[in-house]
file input_21.pdb (PDB, N, CA and C atoms and all ligand atoms)
ATOM      1  N   MET A   1       6.037  10.875   4.391
ATOM      2  CA  MET A   1       7.116  10.566   3.468
ATOM      3  C   MET A   1       6.508  10.223   2.105
ATOM      4  N   TYR A   2       7.083  10.827   1.076
ATOM      5  CA  TYR A   2       6.573  10.542  -0.258
ATOM      6  C   TYR A   2       7.012   9.155  -0.720
ATOM      7  N   VAL A   3       6.063   8.411  -1.252
ATOM      8  CA  VAL A   3       6.347   7.103  -1.831
ATOM      9  C   VAL A   3       6.435   7.235  -3.353
ATOM     10  N   CYS A   4       5.469   7.925  -3.929
ATOM     11  CA  CYS A   4       5.426   8.094  -5.379
ATOM     12  C   CYS A   4       5.756   9.544  -5.723
ATOM     13  N   MET A   5       6.934   9.712  -6.291
ATOM     14  CA  MET A   5       7.383  11.057  -6.652
ATOM     15  C   MET A   5       6.665  11.577  -7.894
ATOM     16  N   CYS A   6       6.268  10.677  -8.784
ATOM     17  CA  CYS A   6       5.607  11.121 -10.018
ATOM     18  C   CYS A   6       4.309  11.865  -9.709
ATOM     19  N   PHE A   7       3.578  11.394  -8.692
ATOM     20  CA  PHE A   7       2.273  11.970  -8.393
ATOM     21  C   PHE A   7       2.196  12.582  -6.997
ATOM     22  N   GLY A   8       3.319  12.622  -6.290
ATOM     23  CA  GLY A   8       3.344  13.245  -4.976
ATOM     24  C   GLY A   8       2.421  12.557  -3.978
ATOM     25  N   VAL A   9       2.449  11.228  -3.967
ATOM     26  CA  VAL A   9       1.592  10.470  -3.051
ATOM     27  C   VAL A   9       2.431   9.991  -1.878
ATOM     28  N   CYS A  10       1.957  10.265  -0.673
ATOM     29  CA  CYS A  10       2.716   9.911   0.527
ATOM     30  C   CYS A  10       2.254   8.572   1.102
ATOM     31  N   ASP A  11       3.058   8.020   1.985
ATOM     32  CA  ASP A  11       2.754   6.711   2.571
ATOM     33  C   ASP A  11       1.436   6.734   3.341
ATOM     34  N   ARG A  12       1.130   7.853   3.950
ATOM     35  CA  ARG A  12      -0.120   7.960   4.721
ATOM     36  C   ARG A  12      -1.339   7.761   3.814
ATOM     37  N   GLU A  13      -1.277   8.353   2.636
ATOM     38  CA  GLU A  13      -2.386   8.218   1.678
ATOM     39  C   GLU A  13      -2.495   6.774   1.201
ATOM     40  N   ILE A  14      -1.359   6.131   0.993
ATOM     41  CA  ILE A  14      -1.375   4.738   0.524
ATOM     42  C   ILE A  14      -1.866   3.816   1.627
ATOM     43  N   ARG A  15      -1.428   4.055   2.857
ATOM     44  CA  ARG A  15      -1.923   3.233   3.975
ATOM     45  C   ARG A  15      -3.437   3.383   4.119
ATOM     46  N   SER A  16      -3.930   4.579   3.951
ATOM     47  CA  SER A  16      -5.373   4.809   4.038
ATOM     48  C   SER A  16      -6.089   4.050   2.927
ATOM     49  N   CYS A  17      -5.529   4.084   1.733
ATOM     50  CA  CYS A  17      -6.098   3.383   0.592
ATOM     51  C   CYS A  17      -6.144   1.880   0.866
ATOM     52  N   ILE A  18      -5.067   1.342   1.434
ATOM     53  CA  ILE A  18      -5.011  -0.084   1.769
ATOM     54  C   ILE A  18      -6.054  -0.407   2.839
ATOM     55  N   ALA A  19      -6.184   0.467   3.820
ATOM     56  CA  ALA A  19      -7.175   0.259   4.879
ATOM     57  C   ALA A  19      -8.591   0.268   4.324
ATOM     58  N   ASN A  20      -8.763   0.968   3.200
ATOM     59  CA  ASN A  20     -10.089   1.027   2.575
ATOM     60  C   ASN A  20     -10.312  -0.098   1.564
ATOM     61  N   GLY A  21      -9.364  -1.045   1.500
ATOM     62  CA  GLY A  21      -9.624  -2.235   0.701
ATOM     63  C   GLY A  21      -8.681  -2.532  -0.448
ATOM     64  N   ALA A  22      -7.756  -1.640  -0.783
ATOM     65  CA  ALA A  22      -6.834  -1.929  -1.886
ATOM     66  C   ALA A  22      -5.934  -3.101  -1.506
ATOM     67  N   ARG A  23      -5.774  -4.042  -2.419
ATOM     68  CA  ARG A  23      -4.980  -5.239  -2.137
ATOM     69  C   ARG A  23      -3.836  -5.455  -3.116
ATOM     70  N   THR A  24      -3.754  -4.634  -4.148
ATOM     71  CA  THR A  24      -2.686  -4.785  -5.141
ATOM     72  C   THR A  24      -2.133  -3.400  -5.501
ATOM     73  N   VAL A  25      -0.960  -3.411  -6.146
ATOM     74  CA  VAL A  25      -0.370  -2.158  -6.607
ATOM     75  C   VAL A  25      -1.322  -1.478  -7.595
ATOM     76  N   ASP A  26      -1.965  -2.265  -8.456
ATOM     77  CA  ASP A  26      -2.904  -1.687  -9.422
ATOM     78  C   ASP A  26      -4.079  -1.012  -8.717
ATOM     79  N   GLU A  27      -4.589  -1.638  -7.672
ATOM     80  CA  GLU A  27      -5.720  -1.044  -6.945
ATOM     81  C   GLU A  27      -5.298   0.239  -6.230
ATOM     82  N   VAL A  28      -4.080   0.254  -5.695
ATOM     83  CA  VAL A  28      -3.571   1.485  -5.076
ATOM     84  C   VAL A  28      -3.453   2.565  -6.155
ATOM     85  N   GLY A  29      -2.989   2.178  -7.329
ATOM     86  CA  GLY A  29      -2.855   3.124  -8.435
ATOM     87  C   GLY A  29      -4.191   3.684  -8.890
ATOM     88  N   GLU A  30      -5.195   2.828  -8.948
ATOM     89  CA  GLU A  30      -6.529   3.288  -9.356
ATOM     90  C   GLU A  30      -7.077   4.314  -8.368
ATOM     91  N   ALA A  31      -6.777   4.112  -7.089
ATOM     92  CA  ALA A  31      -7.323   4.985  -6.052
ATOM     93  C   ALA A  31      -6.517   6.265  -5.859
ATOM     94  N   THR A  32      -5.184   6.193  -6.086
ATOM     95  CA  THR A  32      -4.350   7.347  -5.722
ATOM     96  C   THR A  32      -3.473   7.863  -6.860
ATOM     97  N   ASP A  33      -3.384   7.133  -7.963
ATOM     98  CA  ASP A  33      -2.456   7.395  -9.081
ATOM     99  C   ASP A  33      -1.036   6.942  -8.772
ATOM    100  N   ALA A  34      -0.735   6.604  -7.515
ATOM    101  CA  ALA A  34       0.619   6.148  -7.178
ATOM    102  C   ALA A  34       0.965   4.908  -7.999
ATOM    103  N   GLY A  35       2.138   4.919  -8.579
ATOM    104  CA  GLY A  35       2.600   3.765  -9.335
ATOM    105  C   GLY A  35       2.166   3.735 -10.788
ATOM    106  N   THR A  36       1.398   4.717 -11.207
ATOM    107  CA  THR A  36       0.890   4.702 -12.581
ATOM    108  C   THR A  36       1.760   5.525 -13.540
ATOM    109  N   GLY A  37       2.897   6.003 -13.036
ATOM    110  CA  GLY A  37       3.812   6.752 -13.901
ATOM    111  C   GLY A  37       4.999   5.885 -14.277
ATOM    112  N   CYS A  38       6.166   6.204 -13.747
ATOM    113  CA  CYS A  38       7.396   5.500 -14.115
ATOM    114  C   CYS A  38       7.456   4.093 -13.539
ATOM    115  N   GLY A  39       6.713   3.838 -12.462
ATOM    116  CA  GLY A  39       6.715   2.516 -11.838
ATOM    117  C   GLY A  39       7.822   2.326 -10.817
ATOM    118  N   GLY A  40       8.618   3.343 -10.604
ATOM    119  CA  GLY A  40       9.742   3.225  -9.682
ATOM    120  C   GLY A  40       9.341   3.012  -8.226
ATOM    121  N   CYS A  41       8.111   3.272  -7.892
ATOM    122  CA  CYS A  41       7.660   3.145  -6.504
ATOM    123  C   CYS A  41       6.931   1.825  -6.236
ATOM    124  N   HIS A  42       6.805   0.966  -7.242
ATOM    125  CA  HIS A  42       6.054  -0.284  -7.058
ATOM    126  C   HIS A  42       6.580  -1.114  -5.892
ATOM    127  N   GLU A  43       7.914  -1.158  -5.761
ATOM    128  CA  GLU A  43       8.508  -1.962  -4.694
ATOM    129  C   GLU A  43       8.086  -1.424  -3.322
ATOM    130  N   HIS A  44       8.053  -0.116  -3.190
ATOM    131  CA  HIS A  44       7.670   0.485  -1.913
ATOM    132  C   HIS A  44       6.176   0.264  -1.637
ATOM    133  N   ILE A  45       5.352   0.392  -2.662
ATOM    134  CA  ILE A  45       3.911   0.129  -2.486
ATOM    135  C   ILE A  45       3.702  -1.328  -2.101
ATOM    136  N   ASP A  46       4.436  -2.240  -2.757
ATOM    137  CA  ASP A  46       4.346  -3.661  -2.419
ATOM    138  C   ASP A  46       4.704  -3.898  -0.956
ATOM    139  N   ALA A  47       5.736  -3.197  -0.478
ATOM    140  CA  ALA A  47       6.162  -3.360   0.914
ATOM    141  C   ALA A  47       5.067  -2.885   1.870
ATOM    142  N   LEU A  48       4.401  -1.782   1.524
ATOM    143  CA  LEU A  48       3.304  -1.289   2.371
ATOM    144  C   LEU A  48       2.141  -2.281   2.363
ATOM    145  N   LEU A  49       1.853  -2.859   1.199
ATOM    146  CA  LEU A  49       0.790  -3.854   1.101
ATOM    147  C   LEU A  49       1.150  -5.089   1.936
ATOM    148  N   ALA A  50       2.382  -5.551   1.827
ATOM    149  CA  ALA A  50       2.808  -6.742   2.561
ATOM    150  C   ALA A  50       2.756  -6.498   4.061
ATOM    151  N   ALA A  51       3.208  -5.335   4.489
ATOM    152  CA  ALA A  51       3.196  -5.017   5.921
ATOM    153  C   ALA A  51       1.770  -4.975   6.445
ATOM    154  N   SER A  52       0.879  -4.400   5.663
ATOM    155  CA  SER A  52      -0.513  -4.313   6.071
ATOM    156  C   SER A  52      -1.145  -5.687   6.156
ATOM    157  N   HIS A  53      -0.872  -6.520   5.159
ATOM    158  CA  HIS A  53      -1.458  -7.865   5.142
ATOM    159  C   HIS A  53      -0.889  -8.716   6.269
ATOM    160  N   ALA A  54       0.395  -8.540   6.580
ATOM    161  CA  ALA A  54       0.994  -9.299   7.673
ATOM    162  C   ALA A  54       0.299  -8.957   8.979
ATOM    163  N   CYS A  55       0.012  -7.678   9.194
ATOM    164  CA  CYS A  55      -0.678  -7.257  10.421
ATOM    165  C   CYS A  55      -2.087  -7.822  10.470
ATOM    166  N   SER A  56      -2.802  -7.775   9.331
ATOM    167  CA  SER A  56      -4.179  -8.272   9.359
ATOM    168  C   SER A  56      -4.184  -9.787   9.481
ATOM    169  N   ASP A  57      -3.163 -10.475   8.925
ATOM    170  CA  ASP A  57      -3.077 -11.924   9.084
ATOM    171  C   ASP A  57      -2.868 -12.280  10.557
ATOM    172  N   LEU A  58      -2.012 -11.523  11.237
ATOM    173  CA  LEU A  58      -1.779 -11.785  12.651
ATOM    174  C   LEU A  58      -3.048 -11.571  13.466
ATOM    175  N   ALA A  59      -3.828 -10.571  13.087
ATOM    176  CA  ALA A  59      -5.054 -10.279  13.823
ATOM    177  C   ALA A  59      -6.064 -11.406  13.691
ATOM    178  N   GLU A  60      -5.937 -12.188  12.595
ATOM    179  CA  GLU A  60      -6.905 -13.264  12.382
ATOM    180  C   GLU A  60      -6.490 -14.572  13.051
ATOM    181  N   LEU A  61      -5.267 -14.628  13.605
ATOM    182  CA  LEU A  61      -4.827 -15.836  14.268
ATOM    183  C   LEU A  61      -5.599 -16.024  15.570
ATOM    184  N   PRO A  62      -5.852 -17.285  15.950
ATOM    185  CA  PRO A  62      -6.541 -17.508  17.224
ATOM    186  C   PRO A  62      -5.613 -17.137  18.383
ATOM    187  N   PRO A  63      -6.180 -16.672  19.456
ATOM    188  CA  PRO A  63      -5.357 -16.313  20.614
ATOM    189  C   PRO A  63      -4.673 -17.554  21.193
ATOM    190  N   THR A  64      -3.499 -17.370  21.734
ATOM    191  CA  THR A  64      -2.795 -18.493  22.367
ATOM    192  C   THR A  64      -3.039 -18.428  23.869
ATOM    193  N   ALA A  65      -2.872 -19.559  24.505
ATOM    194  CA  ALA A  65      -3.123 -19.639  25.940
ATOM    195  C   ALA A  65      -2.051 -18.980  26.754
TER     196      ALA A  65
HETATM  197  S1  LIG B   1       7.520   7.247  -8.571
HETATM  198 FE1  LIG B   1       5.561   6.339  -8.554
HETATM  199  S2  LIG B   1       5.028   6.104 -10.626
HETATM  200 FE2  LIG B   1       6.951   7.117 -10.663
END

call {"tool": "encode", "arguments": {"input": "input_21.pdb", "output": "structure tokens"}}
result
Amino acid sequence: MYVCMCFGVCDREIRSCIANGARTVDEVGEATDAGTGCGGCHEHIDALLAASHACSDLAELPPTA
């Protein structure tokens, strides 16, 4: 699914970018160009970043008994 229409960047590419260390919309933009045009996709990129961070935060929690 395309996230950034200006540059034709799909969610898969953005997820890969996040997995490789991008932590902000600007960092995703530097790596993929997504979000560096009209800015209309920033909210969607933010949501992908938040979802990714939520998953990694959960992975860092100690196991429960
Ligand atoms: S839709 Fe992403 S910068 Fe315009």

call {"tool": "residues_near_ligand", "arguments": {"input": "input_21.pdb", "ligand": "ligand LIG 1 (chain B)", "cutoff": "6.5 Å", "atoms": "only N, CA and C atoms and all ligand atoms", "output": "PyMOL selection string"}}
result
chain A and resi 3-7+33-42

call {"tool": "select_by_dssp", "arguments": {"input": "input_21.pdb", "residues": "chain A", "states": "strand (DSSP E)", "output": "list of chain:residue names"}}
result
A:Tyr2, A:Val3, A:Cys4, A:Val9, A:Cys10

call {"tool": "atom_distance", "arguments": {"input": "input_21.pdb", "atom1": "atom CA of A:Ala19", "atom2": "atom C of A:Pro63"}}
result
24.3 Å

call {"tool": "atom_distance", "arguments": {"input": "input_21.pdb", "atom1": "atom CA of A:Leu49", "atom2": "atom CA of A:Thr64"}}
result
26.1 Å

call {"tool": "residues_around", "arguments": {"input": "input_21.pdb", "residues": "A:Asp11", "least_positions_apart": "5", "cutoff": "6 Å", "atoms": "only N, CA and C atoms", "output": "ChimeraX atom specification"}}
result
/A:1-3,16

call {"tool": "select_by_dssp", "arguments": {"input": "input_21.pdb", "residues": "chain A", "states": "helix (DSSP H, G or I)", "output": "JSON, numbers by chain"}}
result
{"A": [11, 12, 13, 14, 15, 16, 17, 18, 19, 25, 26, 27, 28, 29, 30, 31, 32, 42, 43, 44, 45, 46, 47, 48, 49, 50, 51, 52, 53, 54, 55, 56, 57, 58, 59, 60]}

call {"tool": "atom_distance", "arguments": {"input": "input_21.pdb", "atom1": "atom N of A:Ile18", "atom2": "atom N of A:Pro62"}}
result
23.6 Å
